[in-house]
$ cat protein-v2.tsv   # TSV, C-alpha atoms and all ligand atoms
chain	number	residue	atom	x	y	z
A	1	MET	CA	-17.86	169.53	81.44
A	2	ARG	CA	-20.39	168.77	84.24
A	3	ASP	CA	-22.45	165.61	83.85
A	4	ASP	CA	-26.01	166.40	84.98
A	5	THR	CA	-26.76	162.72	85.50
A	6	ASP	CA	-23.90	162.23	87.97
A	7	PHE	CA	-25.41	161.53	91.41
A	8	HIS	CA	-22.18	161.33	93.45
A	9	GLY	CA	-22.80	162.77	96.94
A	10	GLN	CA	-26.54	162.13	96.75
A	11	ALA	CA	-28.61	159.66	98.76
A	12	VAL	CA	-31.48	157.86	97.05
A	13	LEU	CA	-34.16	155.80	98.84
A	14	ILE	CA	-36.20	153.39	96.71
A	15	THR	CA	-39.22	151.52	98.08
A	16	GLY	CA	-39.92	148.23	96.35
A	17	GLY	CA	-36.23	148.47	95.45
A	18	ALA	CA	-35.56	144.75	95.67
A	19	SER	CA	-37.54	143.88	92.53
A	20	GLY	CA	-38.60	144.99	89.07
A	21	ILE	CA	-38.70	148.71	88.35
A	22	GLY	CA	-37.32	149.63	91.78
A	23	TRP	CA	-34.34	147.31	91.36
A	24	ALA	CA	-33.62	148.73	87.88
A	25	ALA	CA	-33.75	152.22	89.40
A	26	ALA	CA	-31.41	151.15	92.22
A	27	ARG	CA	-28.83	149.93	89.71
A	28	ALA	CA	-29.20	153.04	87.54
A	29	PHE	CA	-28.65	155.47	90.42
A	30	ALA	CA	-25.80	153.40	91.93
A	31	GLN	CA	-24.04	153.27	88.54
A	32	ARG	CA	-24.21	157.07	88.50
A	33	GLY	CA	-22.54	157.44	91.89
A	34	ALA	CA	-25.51	157.69	94.29
A	35	ARG	CA	-25.63	155.92	97.62
A	36	VAL	CA	-28.79	153.86	97.46
A	37	ALA	CA	-31.04	152.66	100.26
A	38	ILE	CA	-33.16	149.76	99.06
A	39	ALA	CA	-36.38	149.53	101.06
A	40	ASP	CA	-38.62	146.52	100.64
A	41	LEU	CA	-41.23	144.50	102.48
A	42	THR	CA	-38.69	142.06	103.89
A	43	GLU	CA	-35.39	143.14	105.40
A	44	GLU	CA	-33.77	140.05	103.88
A	45	ALA	CA	-34.70	140.96	100.28
A	46	ALA	CA	-33.65	144.56	100.81
A	47	THR	CA	-30.26	143.83	102.37
A	48	SER	CA	-29.47	141.08	99.88
A	49	ARG	CA	-30.07	143.46	96.95
A	50	ALA	CA	-28.08	146.22	98.66
A	51	SER	CA	-25.10	143.90	99.03
A	52	GLU	CA	-25.33	143.09	95.30
A	53	LEU	CA	-24.92	146.83	94.65
A	54	GLY	CA	-21.87	147.09	96.92
A	55	PRO	CA	-20.70	148.09	100.40
A	56	THR	CA	-21.68	151.76	100.19
A	57	HIS	CA	-25.38	150.89	99.84
A	58	ARG	CA	-27.97	149.89	102.44
A	59	GLY	CA	-31.03	147.66	102.69
A	60	VAL	CA	-33.96	148.31	105.00
A	61	GLY	CA	-37.15	146.34	105.55
A	62	GLY	CA	-40.65	147.69	106.18
A	63	ASP	CA	-44.20	148.08	104.96
A	64	VAL	CA	-44.81	151.47	103.32
A	65	SER	CA	-48.39	151.53	104.60
A	66	ASP	CA	-47.21	151.40	108.23
A	67	GLU	CA	-46.33	154.89	109.47
A	68	ALA	CA	-43.93	153.62	112.15
A	69	ALA	CA	-42.10	151.49	109.56
A	70	VAL	CA	-41.93	154.47	107.20
A	71	ASP	CA	-40.31	156.51	109.95
A	72	ARG	CA	-37.78	153.73	110.59
A	73	MET	CA	-36.89	153.40	106.89
A	74	ILE	CA	-36.29	157.12	106.40
A	75	HIS	CA	-34.43	157.38	109.70
A	76	ALA	CA	-32.14	154.45	108.79
A	77	THR	CA	-31.36	156.05	105.42
A	78	VAL	CA	-30.48	159.42	106.89
A	79	GLU	CA	-28.47	157.77	109.65
A	80	ALA	CA	-26.43	155.82	107.06
A	81	PHE	CA	-25.97	158.58	104.47
A	82	GLY	CA	-26.44	161.81	106.42
A	83	ARG	CA	-29.06	163.11	104.01
A	84	LEU	CA	-31.86	162.19	101.62
A	85	ASP	CA	-31.97	163.69	98.13
A	86	VAL	CA	-34.23	161.41	96.10
A	87	LEU	CA	-37.20	159.25	97.14
A	88	ILE	CA	-38.66	156.79	94.63
A	89	ASN	CA	-41.97	155.18	95.63
A	90	CYS	CA	-41.94	151.88	93.74
A	91	ALA	CA	-43.52	149.54	96.33
A	92	GLY	CA	-46.62	147.91	94.93
A	93	LEU	CA	-48.63	144.78	94.30
A	94	PRO	CA	-51.00	143.73	91.54
A	95	ASP	CA	-54.80	143.64	91.77
A	96	THR	CA	-56.52	140.25	91.57
A	97	PHE	CA	-59.00	140.62	88.64
A	98	THR	CA	-61.80	139.27	90.90
A	99	PRO	CA	-65.33	140.19	89.71
A	100	THR	CA	-66.17	143.50	91.41
A	101	ILE	CA	-69.19	142.27	93.37
A	102	GLU	CA	-67.00	139.57	94.93
A	103	GLN	CA	-64.23	141.96	95.99
A	104	THR	CA	-63.90	142.51	99.73
A	105	GLY	CA	-63.38	145.76	101.56
A	106	ALA	CA	-60.14	144.37	102.97
A	107	HIS	CA	-58.84	143.71	99.46
A	108	TRP	CA	-59.75	147.26	98.39
A	109	GLN	CA	-58.13	148.73	101.49
A	110	ARG	CA	-54.83	146.84	101.11
A	111	LEU	CA	-54.31	148.05	97.54
A	112	ILE	CA	-55.15	151.64	98.51
A	113	ASP	CA	-52.97	151.43	101.63
A	114	VAL	CA	-49.85	150.24	99.81
A	115	HIS	CA	-50.06	152.27	96.60
A	116	LEU	CA	-51.68	155.51	97.70
A	117	THR	CA	-51.31	155.85	101.48
A	118	GLY	CA	-47.80	154.37	101.32
A	119	THR	CA	-46.78	156.96	98.72
A	120	PHE	CA	-48.24	159.73	100.89
A	121	LEU	CA	-46.58	158.53	104.11
A	122	MET	CA	-43.15	158.07	102.50
A	123	ALA	CA	-43.29	161.46	100.76
A	124	LYS	CA	-44.46	163.30	103.89
A	125	ARG	CA	-41.64	161.87	106.02
A	126	ALA	CA	-38.98	162.25	103.31
A	127	ALA	CA	-39.90	165.90	102.77
A	128	VAL	CA	-38.92	166.70	106.37
A	129	GLU	CA	-35.35	165.58	105.59
A	130	MET	CA	-35.28	167.27	102.17
A	131	MET	CA	-36.43	170.59	103.60
A	132	ARG	CA	-33.33	170.66	105.82
A	133	HIS	CA	-31.19	171.10	102.68
A	134	HIS	CA	-33.82	172.85	100.56
A	135	HIS	CA	-33.26	170.10	98.01
A	136	GLY	CA	-35.14	166.98	97.05
A	137	VAL	CA	-36.84	164.99	94.34
A	138	ILE	CA	-39.76	162.63	94.88
A	139	LEU	CA	-40.82	160.24	92.13
A	140	ASN	CA	-44.12	158.39	92.45
A	141	ILE	CA	-45.27	155.49	90.29
A	142	SER	CA	-48.60	155.67	88.56
A	143	SER	CA	-49.61	153.50	85.60
A	144	ILE	CA	-51.84	153.19	82.56
A	145	ALA	CA	-54.38	152.68	85.38
A	146	GLY	CA	-53.67	156.25	86.52
A	147	THR	CA	-55.44	157.71	83.49
A	148	HIS	CA	-57.43	154.81	82.01
A	149	ALA	CA	-59.84	152.24	83.46
A	150	LEU	CA	-58.74	148.65	84.06
A	151	PRO	CA	-62.04	146.86	84.77
A	152	ARG	CA	-62.09	144.61	87.86
A	153	ARG	CA	-58.86	146.25	89.01
A	154	ASN	CA	-60.87	148.89	90.89
A	155	ALA	CA	-58.59	149.56	93.83
A	156	TYR	CA	-55.49	149.54	91.62
A	157	THR	CA	-57.12	151.98	89.16
A	158	ALA	CA	-58.34	154.26	91.95
A	159	ALA	CA	-54.97	154.20	93.73
A	160	LYS	CA	-53.01	154.98	90.56
A	161	HIS	CA	-55.40	157.84	89.65
A	162	GLY	CA	-54.91	159.04	93.24
A	163	VAL	CA	-51.12	158.93	92.93
A	164	ILE	CA	-51.33	161.46	90.07
A	165	GLY	CA	-53.53	163.81	92.11
A	166	LEU	CA	-51.27	163.45	95.14
A	167	THR	CA	-48.19	164.13	93.00
A	168	LYS	CA	-49.66	167.41	91.73
A	169	ALA	CA	-50.75	168.54	95.21
A	170	LEU	CA	-47.35	167.81	96.80
A	171	ALA	CA	-45.47	169.44	93.92
A	172	CYS	CA	-47.40	172.68	94.37
A	173	ASP	CA	-47.11	172.54	98.16
A	174	TRP	CA	-43.33	171.98	98.26
A	175	ALA	CA	-42.10	173.91	95.19
A	176	GLN	CA	-40.86	176.76	97.41
A	177	ASP	CA	-39.03	174.26	99.63
A	178	GLY	CA	-36.75	173.08	96.82
A	179	ILE	CA	-38.59	169.77	96.43
A	180	ARG	CA	-39.81	168.61	93.04
A	181	VAL	CA	-42.47	165.90	92.86
A	182	ASN	CA	-43.30	164.01	89.67
A	183	ALA	CA	-44.90	160.75	88.68
A	184	VAL	CA	-43.83	158.15	86.17
A	185	ALA	CA	-46.59	156.19	84.46
A	186	PRO	CA	-45.17	152.92	83.11
A	187	GLY	CA	-47.03	150.81	80.59
A	188	TYR	CA	-46.53	147.03	80.56
A	189	ILE	CA	-43.04	146.45	81.96
A	190	LEU	CA	-41.45	143.01	82.15
A	191	THR	CA	-41.01	142.58	85.90
A	192	PRO	CA	-41.99	139.80	88.36
A	193	PHE	CA	-45.27	141.75	88.85
A	194	ILE	CA	-46.32	141.36	85.18
A	195	GLU	CA	-44.59	138.00	84.70
A	196	GLY	CA	-46.75	136.67	87.55
A	197	LEU	CA	-49.97	137.90	85.91
A	198	ILE	CA	-48.89	136.34	82.61
A	199	ALA	CA	-48.09	133.03	84.32
A	200	GLN	CA	-51.55	133.04	85.96
A	201	GLY	CA	-53.17	133.58	82.53
A	202	LYS	CA	-54.51	137.00	83.56
A	203	LEU	CA	-52.54	138.85	80.89
A	204	ASP	CA	-51.66	137.76	77.35
A	205	PRO	CA	-48.31	139.20	76.25
A	206	LYS	CA	-49.21	138.85	72.56
A	207	VAL	CA	-52.36	140.95	73.00
A	208	ILE	CA	-50.37	143.59	74.90
A	209	ARG	CA	-47.73	143.74	72.17
A	210	ARG	CA	-50.41	144.14	69.48
A	211	ARG	CA	-52.05	146.94	71.50
A	212	THR	CA	-48.72	148.78	72.01
A	213	PRO	CA	-47.47	150.96	69.12
A	214	LEU	CA	-43.83	150.04	69.86
A	215	GLY	CA	-44.90	146.36	69.78
A	216	GLU	CA	-43.13	145.22	72.95
A	217	LEU	CA	-43.34	144.83	76.69
A	218	LEU	CA	-40.71	147.20	77.96
A	219	PRO	CA	-37.66	146.41	80.12
A	220	PRO	CA	-37.65	148.11	83.57
A	221	GLU	CA	-34.40	149.89	82.68
A	222	GLU	CA	-36.46	152.15	80.36
A	223	VAL	CA	-38.47	153.38	83.33
A	224	ALA	CA	-35.25	153.92	85.28
A	225	ASN	CA	-33.93	156.10	82.44
A	226	ALA	CA	-36.92	158.43	82.83
A	227	MET	CA	-36.30	158.52	86.59
A	228	ILE	CA	-32.67	159.50	86.09
A	229	PHE	CA	-33.79	162.43	83.94
A	230	LEU	CA	-36.51	163.52	86.40
A	231	ALA	CA	-34.14	163.35	89.38
A	232	SER	CA	-31.40	165.28	87.59
A	233	PRO	CA	-30.85	169.03	87.18
A	234	LEU	CA	-31.90	168.57	83.54
A	235	ALA	CA	-35.46	168.49	84.94
A	236	ARG	CA	-34.93	171.52	87.24
A	237	THR	CA	-38.21	173.12	86.11
A	238	VAL	CA	-40.23	169.90	85.79
A	239	THR	CA	-42.57	169.39	88.73
A	240	GLY	CA	-46.15	168.24	89.25
A	241	THR	CA	-46.28	166.26	86.04
A	242	VAL	CA	-46.55	162.68	84.80
A	243	VAL	CA	-43.98	161.16	82.46
A	244	THR	CA	-45.42	158.22	80.56
A	245	VAL	CA	-43.14	155.31	79.62
A	246	ASP	CA	-45.51	152.97	77.81
A	247	GLY	CA	-44.35	152.49	74.21
A	248	GLY	CA	-47.28	154.62	73.01
A	249	TYR	CA	-49.99	152.52	74.69
A	250	THR	CA	-52.06	155.39	76.13
A	251	ALA	CA	-51.63	157.54	73.01
A	252	PHE	CA	-53.28	154.90	70.82
A	253	GLY	CA	-57.02	155.14	70.25
A	254	SER	CA	-57.83	153.31	67.01
A	255	PRO	CA	-60.08	150.22	67.15
A	256	ASN	CA	-57.48	148.13	65.25
A	257	ASP	CA	-54.15	146.70	66.45
A	258	ALA	CA	-51.40	149.24	67.06
A	259	ALA	CA	-48.52	146.99	65.98
A	260	ILE	CA	-48.01	144.08	63.60
A	261	ILE	CA	-46.70	141.17	65.64
A	262	GLU	CA	-45.09	138.06	64.16
A	263	ASP	CA	-46.58	134.91	65.73
B	301	LIG	P1	-42.42	144.06	91.55
B	301	LIG	O1	-41.32	143.54	90.68
B	301	LIG	O2	-43.42	143.11	92.10
B	301	LIG	O3	-41.76	144.91	92.73
B	301	LIG	C1	-42.54	145.48	93.73
B	301	LIG	C2	-41.78	145.40	95.05
B	301	LIG	O4	-42.57	146.08	96.05
B	301	LIG	C3	-41.60	143.95	95.54
B	301	LIG	O5	-40.27	143.76	95.99
B	301	LIG	C4	-42.58	143.87	96.70
B	301	LIG	O6	-42.19	142.97	97.71
B	301	LIG	C5	-42.54	145.29	97.23
B	301	LIG	N1	-43.70	145.60	98.07
B	301	LIG	C6	-44.98	145.16	97.94
B	301	LIG	N2	-45.74	145.64	98.92
B	301	LIG	C7	-44.93	146.40	99.71
B	301	LIG	C8	-45.14	147.15	100.88
B	301	LIG	N3	-46.35	147.22	101.46
B	301	LIG	N4	-44.10	147.82	101.43
B	301	LIG	C9	-42.87	147.74	100.86
B	301	LIG	N5	-42.61	147.05	99.74
B	301	LIG	C10	-43.63	146.38	99.17
B	301	LIG	O7	-43.29	145.15	90.75
B	301	LIG	P2	-42.89	146.25	89.65
B	301	LIG	O8	-43.47	145.83	88.37
B	301	LIG	O9	-41.48	146.64	89.74
B	301	LIG	O10	-43.82	147.44	90.17
B	301	LIG	C11	-43.31	148.56	90.85
B	301	LIG	C12	-44.36	149.64	90.84
B	301	LIG	O11	-44.64	149.99	89.48
B	301	LIG	C13	-45.70	149.24	91.45
B	301	LIG	O12	-46.25	150.35	92.12
B	301	LIG	C14	-46.57	148.91	90.25
B	301	LIG	O13	-47.94	149.11	90.52
B	301	LIG	C15	-46.04	149.92	89.27
B	301	LIG	N6	-46.28	149.60	87.88
B	301	LIG	C16	-45.77	148.45	87.32
B	301	LIG	C17	-46.01	148.21	85.98
B	301	LIG	C18	-45.48	146.98	85.29
B	301	LIG	O14	-45.89	146.75	84.14
B	301	LIG	N7	-44.61	146.20	85.89
B	301	LIG	C19	-46.76	149.11	85.22
B	301	LIG	C20	-47.25	150.25	85.83
B	301	LIG	C21	-46.98	150.49	87.15
B	301	LIG	P3	-42.76	141.45	97.67
B	301	LIG	O15	-42.22	140.86	96.41
B	301	LIG	O16	-42.20	140.86	98.92
B	301	LIG	O17	-44.25	141.57	97.67
$ encode --input "protein-v2.tsv" --output "structure tokens"
Amino acid sequence: MRDDTDFHGQAVLITGGASGIGWAAARAFAQRGARVAIADLTEEAATSRASELGPTHRGVGGDVSDEAAVDRMIHATVEAFGRLDVLINCAGLPDTFTPTIEQTGAHWQRLIDVHLTGTFLMAKRAAVEMMRHHHGVILNISSIAGTHALPRRNAYTAAKHGVIGLTKALACDWAQDGIRVNAVAPGYILTPFIEGLIAQGKLDPKVIRRRTPLGELLPPEEVANAMIFLASPLARTVTGTVVTVDGGYTAFGSPNDAAIIED
């Protein structure tokens, strides 16, 4: 019987693939037979992670907000694997929680450039390769901040709302080209991104667990599981949508705690 989550023969490019959700995705796709290109800000981080996966995988450095670097990353992937089937846009950085009136234009621009413009540039360039085979899947990363407000995290909230709009527009544009485009909206996932905010005292894990119906911060592998489904033929008719992986966080609206947490 055919296994729909077998990715042998497919090439997967993951930005932000050296850490957190991207790294979990890299392992999940490699375990299922894909050849994985890990793209990350530094070449060193990317190639080191790729060698952890094994000799059939590649690492490539570059900033997703730089169009020339985007071109190099996609070109290197296609040169190594001969094709590109799946693009996962995981590159990202946290907002700073600075009071809004003290936030600079440069701060705003950097967050928008990496999360929103980077997603656009990577998708646009990847689609050229996918159209050659009339086959491709693009997965973008939104957030709770893609549908709900996170005060003081203005640029992050705007970028993640924008990622959902961009996902829908690209999905409709490229449906006839054999390319599906979806977003994943993770809740609070235990990665270096969130661990850093906890260490800085900007997030309280106990408060998050109380506010989350499942009562936990989720491991990045749970997000990777949703990506495997979305990239597989099981999701053949799923495009232009957002799959939420947040333990019920955005479904919950009561003024009381969502979960009972032992201290
Ligand atoms: P992470 O562990 O910090 O990984 C992000 C990776 O992206 C890092 O390796 C980082 O490199 C890289 N990166 C940053 N800027 C880049 C750029 N301009 N070009 C290329 N790579 C860049 O974070 P994560 O938690 O896995 O987050 C991945 C994505 O999920 C982000 O878009 C984030 O907003 C989103 N997300 C995360 C959560 C969560 O709870 N963790 C929830 C919702 C959404 P450096 O380490 O060198 O900066």
$ atom_distance --input "protein-v2.tsv" --atom1 "CA of Gly92 in chain A" --atom2 "CA of Ile144 in chain A"
14.4 Å
$ residues_around --input "protein-v2.tsv" --residues "Val181 in chain A" --least-positions-apart "4" --cutoff "7 Å" --atoms "only C-alpha atoms" --output "PDB file with C-alpha atoms, in the coordinates of the input"
ATOM      1  CA  VAL A 137     -36.840 164.990  94.340  1.00  0.00           C
ATOM      2  CA  ILE A 138     -39.760 162.630  94.880  1.00  0.00           C
ATOM      3  CA  LEU A 139     -40.820 160.240  92.130  1.00  0.00           C
ATOM      4  CA  THR A 167     -48.190 164.130  93.000  1.00  0.00           C
ATOM      5  CA  LEU A 170     -47.350 167.810  96.800  1.00  0.00           C
ATOM      6  CA  ALA A 171     -45.470 169.440  93.920  1.00  0.00           C
ATOM      7  CA  THR A 239     -42.570 169.390  88.730  1.00  0.00           C
ATOM      8  CA  GLY A 240     -46.150 168.240  89.250  1.00  0.00           C
TER       9      GLY A 240
END
$ axis_aligned_box --input "protein-v2.tsv" --around "ligand LIG 301 (chain B)" --padding-each-side "5 Å" --output "lines of an AutoDock Vina configuration file"
center_x = -44.1
center_y = 145.7
center_z = 92.8
size_x = 17.7
size_y = 19.6
size_z = 27.3
$ residues_around --input "protein-v2.tsv" --residues "Tyr188 in chain A" --least-positions-apart "5" --cutoff "8 Å" --atoms "all atoms listed in the file" --output "PDB file with C-alpha atoms, in the coordinates of the input"
ATOM      1  CA  ILE A 194     -46.320 141.360  85.180  1.00  0.00           C
ATOM      2  CA  ILE A 208     -50.370 143.590  74.900  1.00  0.00           C
ATOM      3  CA  LEU A 217     -43.340 144.830  76.690  1.00  0.00           C
ATOM      4  CA  LEU A 218     -40.710 147.200  77.960  1.00  0.00           C
ATOM      5  CA  ASP A 246     -45.510 152.970  77.810  1.00  0.00           C
TER       6      ASP A 246
END
$ residues_near_ligand --input "protein-v2.tsv" --ligand "ligand LIG 301 (chain B)" --cutoff "7 Å" --atoms "only C-alpha atoms and all ligand atoms" --output "NGL selection string"
:A and (15-22 or 39-42 or 62-65 or 90-94 or 114-115 or 141-144 or 185-194)
$ write_last_selection --input "protein-v2.tsv" --atoms "C-alpha atoms" --output "short mmCIF file (atom, residue, chain, number, x, y, z; two decimals), in the coordinates of the input"
data_model
loop_
_atom_site.label_atom_id
_atom_site.label_comp_id
_atom_site.auth_asym_id
_atom_site.auth_seq_id
_atom_site.Cartn_x
_atom_site.Cartn_y
_atom_site.Cartn_z
CA THR A 15 -39.22 151.52 98.08
CA GLY A 16 -39.92 148.23 96.35
CA GLY A 17 -36.23 148.47 95.45
CA ALA A 18 -35.56 144.75 95.67
CA SER A 19 -37.54 143.88 92.53
CA GLY A 20 -38.60 144.99 89.07
CA ILE A 21 -38.70 148.71 88.35
CA GLY A 22 -37.32 149.63 91.78
CA ALA A 39 -36.38 149.53 101.06
CA ASP A 40 -38.62 146.52 100.64
CA LEU A 41 -41.23 144.50 102.48
CA THR A 42 -38.69 142.06 103.89
CA GLY A 62 -40.65 147.69 106.18
CA ASP A 63 -44.20 148.08 104.96
CA VAL A 64 -44.81 151.47 103.32
CA SER A 65 -48.39 151.53 104.60
CA CYS A 90 -41.94 151.88 93.74
CA ALA A 91 -43.52 149.54 96.33
CA GLY A 92 -46.62 147.91 94.93
CA LEU A 93 -48.63 144.78 94.30
CA PRO A 94 -51.00 143.73 91.54
CA VAL A 114 -49.85 150.24 99.81
CA HIS A 115 -50.06 152.27 96.60
CA ILE A 141 -45.27 155.49 90.29
CA SER A 142 -48.60 155.67 88.56
CA SER A 143 -49.61 153.50 85.60
CA ILE A 144 -51.84 153.19 82.56
CA ALA A 185 -46.59 156.19 84.46
CA PRO A 186 -45.17 152.92 83.11
CA GLY A 187 -47.03 150.81 80.59
CA TYR A 188 -46.53 147.03 80.56
CA ILE A 189 -43.04 146.45 81.96
CA LEU A 190 -41.45 143.01 82.15
CA THR A 191 -41.01 142.58 85.90
CA PRO A 192 -41.99 139.80 88.36
CA PHE A 193 -45.27 141.75 88.85
CA ILE A 194 -46.32 141.36 85.18
#
$ residues_around --input "protein-v2.tsv" --residues "range 98-107 of chain A" --least-positions-apart "4" --cutoff "8 Å" --atoms "all atoms listed in the file" --output "list in words"
Leu111, Arg152, Arg153 and Asn154 of chain A
$ atom_distance --input "protein-v2.tsv" --atom1 "CA of Phe7 in chain A" --atom2 "CA of Gly33 in chain A"
5.0 Å
$ closest_residue --input "protein-v2.tsv" --among "A:Gly162, A:Gly82, A:Gly136, A:Gly247" --to "Glu216 in chain A" --atoms "only C-alpha atoms"
A:Gly247
$ closest_residue --input "protein-v2.tsv" --among "A:Gln10, A:Gln200, A:Thr5, A:Ser254" --to "Met227 in chain A" --atoms "all atoms listed in the file"
A:Thr5
$ residues_around --input "protein-v2.tsv" --residues "Glu79 in chain A" --least-positions-apart "5" --cutoff "12 Å" --atoms "only C-alpha atoms" --output "list of chain:residue names"
A:Ala11, A:Ala37, A:Arg58, A:Val60, A:Asp71, A:Arg72, A:Met73, A:Ile74, A:Leu84, A:Glu129
$ closest_residue --input "protein-v2.tsv" --among "A:Gln176, A:Asn225, A:Thr117, A:Thr96" --to "Arg27 in chain A" --atoms "all atoms listed in the file"
A:Asn225
$ residues_around --input "protein-v2.tsv" --residues "Lys202 in chain A" --least-positions-apart "5" --cutoff "9 Å" --atoms "only C-alpha atoms" --output "number ranges by chain"
A: 96-97, 196-197
$ write_last_selection --input "protein-v2.tsv" --atoms "C-alpha atoms" --output "PDB file, in the coordinates of the input"
ATOM      1  CA  THR A  96     -56.520 140.250  91.570  1.00  0.00           C
ATOM      2  CA  PHE A  97     -59.000 140.620  88.640  1.00  0.00           C
ATOM      3  CA  GLY A 196     -46.750 136.670  87.550  1.00  0.00           C
ATOM      4  CA  LEU A 197     -49.970 137.900  85.910  1.00  0.00           C
TER       5      LEU A 197
END
$ atom_distance --input "protein-v2.tsv" --atom1 "CA of Arg210 in chain A" --atom2 "CA of Asn140 in chain A"
27.8 Å
$ decode --input "protein-v2.tsv" --residues "range 96-107 of chain A" --atoms "N, CA, C and O atoms" --output "mmCIF file, in the first residue's frame"
data_model
loop_
_atom_site.group_PDB
_atom_site.id
_atom_site.type_symbol
_atom_site.label_atom_id
_atom_site.label_comp_id
_atom_site.auth_asym_id
_atom_site.auth_seq_id
_atom_site.Cartn_x
_atom_site.Cartn_y
_atom_site.Cartn_z
ATOM 1 N N THR A 96 10.255 42.952 20.175
ATOM 2 C CA THR A 96 11.008 43.315 21.384
ATOM 3 C C THR A 96 10.155 43.729 22.586
ATOM 4 O O THR A 96 10.689 43.926 23.661
ATOM 5 N N PHE A 97 8.863 43.905 22.418
ATOM 6 C CA PHE A 97 7.956 44.319 23.510
ATOM 7 C C PHE A 97 8.235 45.754 23.979
ATOM 8 O O PHE A 97 7.863 46.137 25.081
ATOM 9 N N THR A 98 8.929 46.544 23.160
ATOM 10 C CA THR A 98 9.191 47.956 23.490
ATOM 11 C C THR A 98 7.877 48.730 23.431
ATOM 12 O O THR A 98 7.056 48.461 22.553
ATOM 13 N N PRO A 99 7.652 49.713 24.358
ATOM 14 C CA PRO A 99 6.446 50.535 24.241
ATOM 15 C C PRO A 99 6.340 51.132 22.832
ATOM 16 O O PRO A 99 7.341 51.590 22.261
ATOM 17 N N THR A 100 5.135 51.138 22.276
ATOM 18 C CA THR A 100 4.951 51.490 20.865
ATOM 19 C C THR A 100 5.548 52.850 20.511
ATOM 20 O O THR A 100 6.209 52.982 19.483
ATOM 21 N N ILE A 101 5.353 53.856 21.362
ATOM 22 C CA ILE A 101 5.837 55.190 20.988
ATOM 23 C C ILE A 101 7.365 55.286 21.004
ATOM 24 O O ILE A 101 7.931 56.261 20.533
ATOM 25 N N GLU A 102 8.013 54.259 21.550
ATOM 26 C CA GLU A 102 9.487 54.236 21.513
ATOM 27 C C GLU A 102 10.037 53.351 20.386
ATOM 28 O O GLU A 102 11.244 53.241 20.198
ATOM 29 N N GLN A 103 9.153 52.701 19.652
ATOM 30 C CA GLN A 103 9.623 51.808 18.585
ATOM 31 C C GLN A 103 10.095 52.622 17.380
ATOM 32 O O GLN A 103 9.461 53.598 17.000
ATOM 33 N N THR A 104 11.178 52.200 16.788
ATOM 34 C CA THR A 104 11.726 52.935 15.635
ATOM 35 C C THR A 104 11.191 52.363 14.326
ATOM 36 O O THR A 104 10.757 51.199 14.263
ATOM 37 N N GLY A 105 11.276 53.183 13.295
ATOM 38 C CA GLY A 105 10.893 52.726 11.965
ATOM 39 C C GLY A 105 11.774 51.577 11.496
ATOM 40 O O GLY A 105 11.311 50.655 10.828
ATOM 41 N N ALA A 106 13.048 51.632 11.878
ATOM 42 C CA ALA A 106 13.981 50.576 11.455
ATOM 43 C C ALA A 106 13.597 49.238 12.086
ATOM 44 O O ALA A 106 13.670 48.179 11.440
ATOM 45 N N HIS A 107 13.171 49.295 13.350
ATOM 46 C CA HIS A 107 12.724 48.077 14.040
ATOM 47 C C HIS A 107 11.507 47.492 13.332
ATOM 48 O O HIS A 107 11.452 46.293 13.029
#
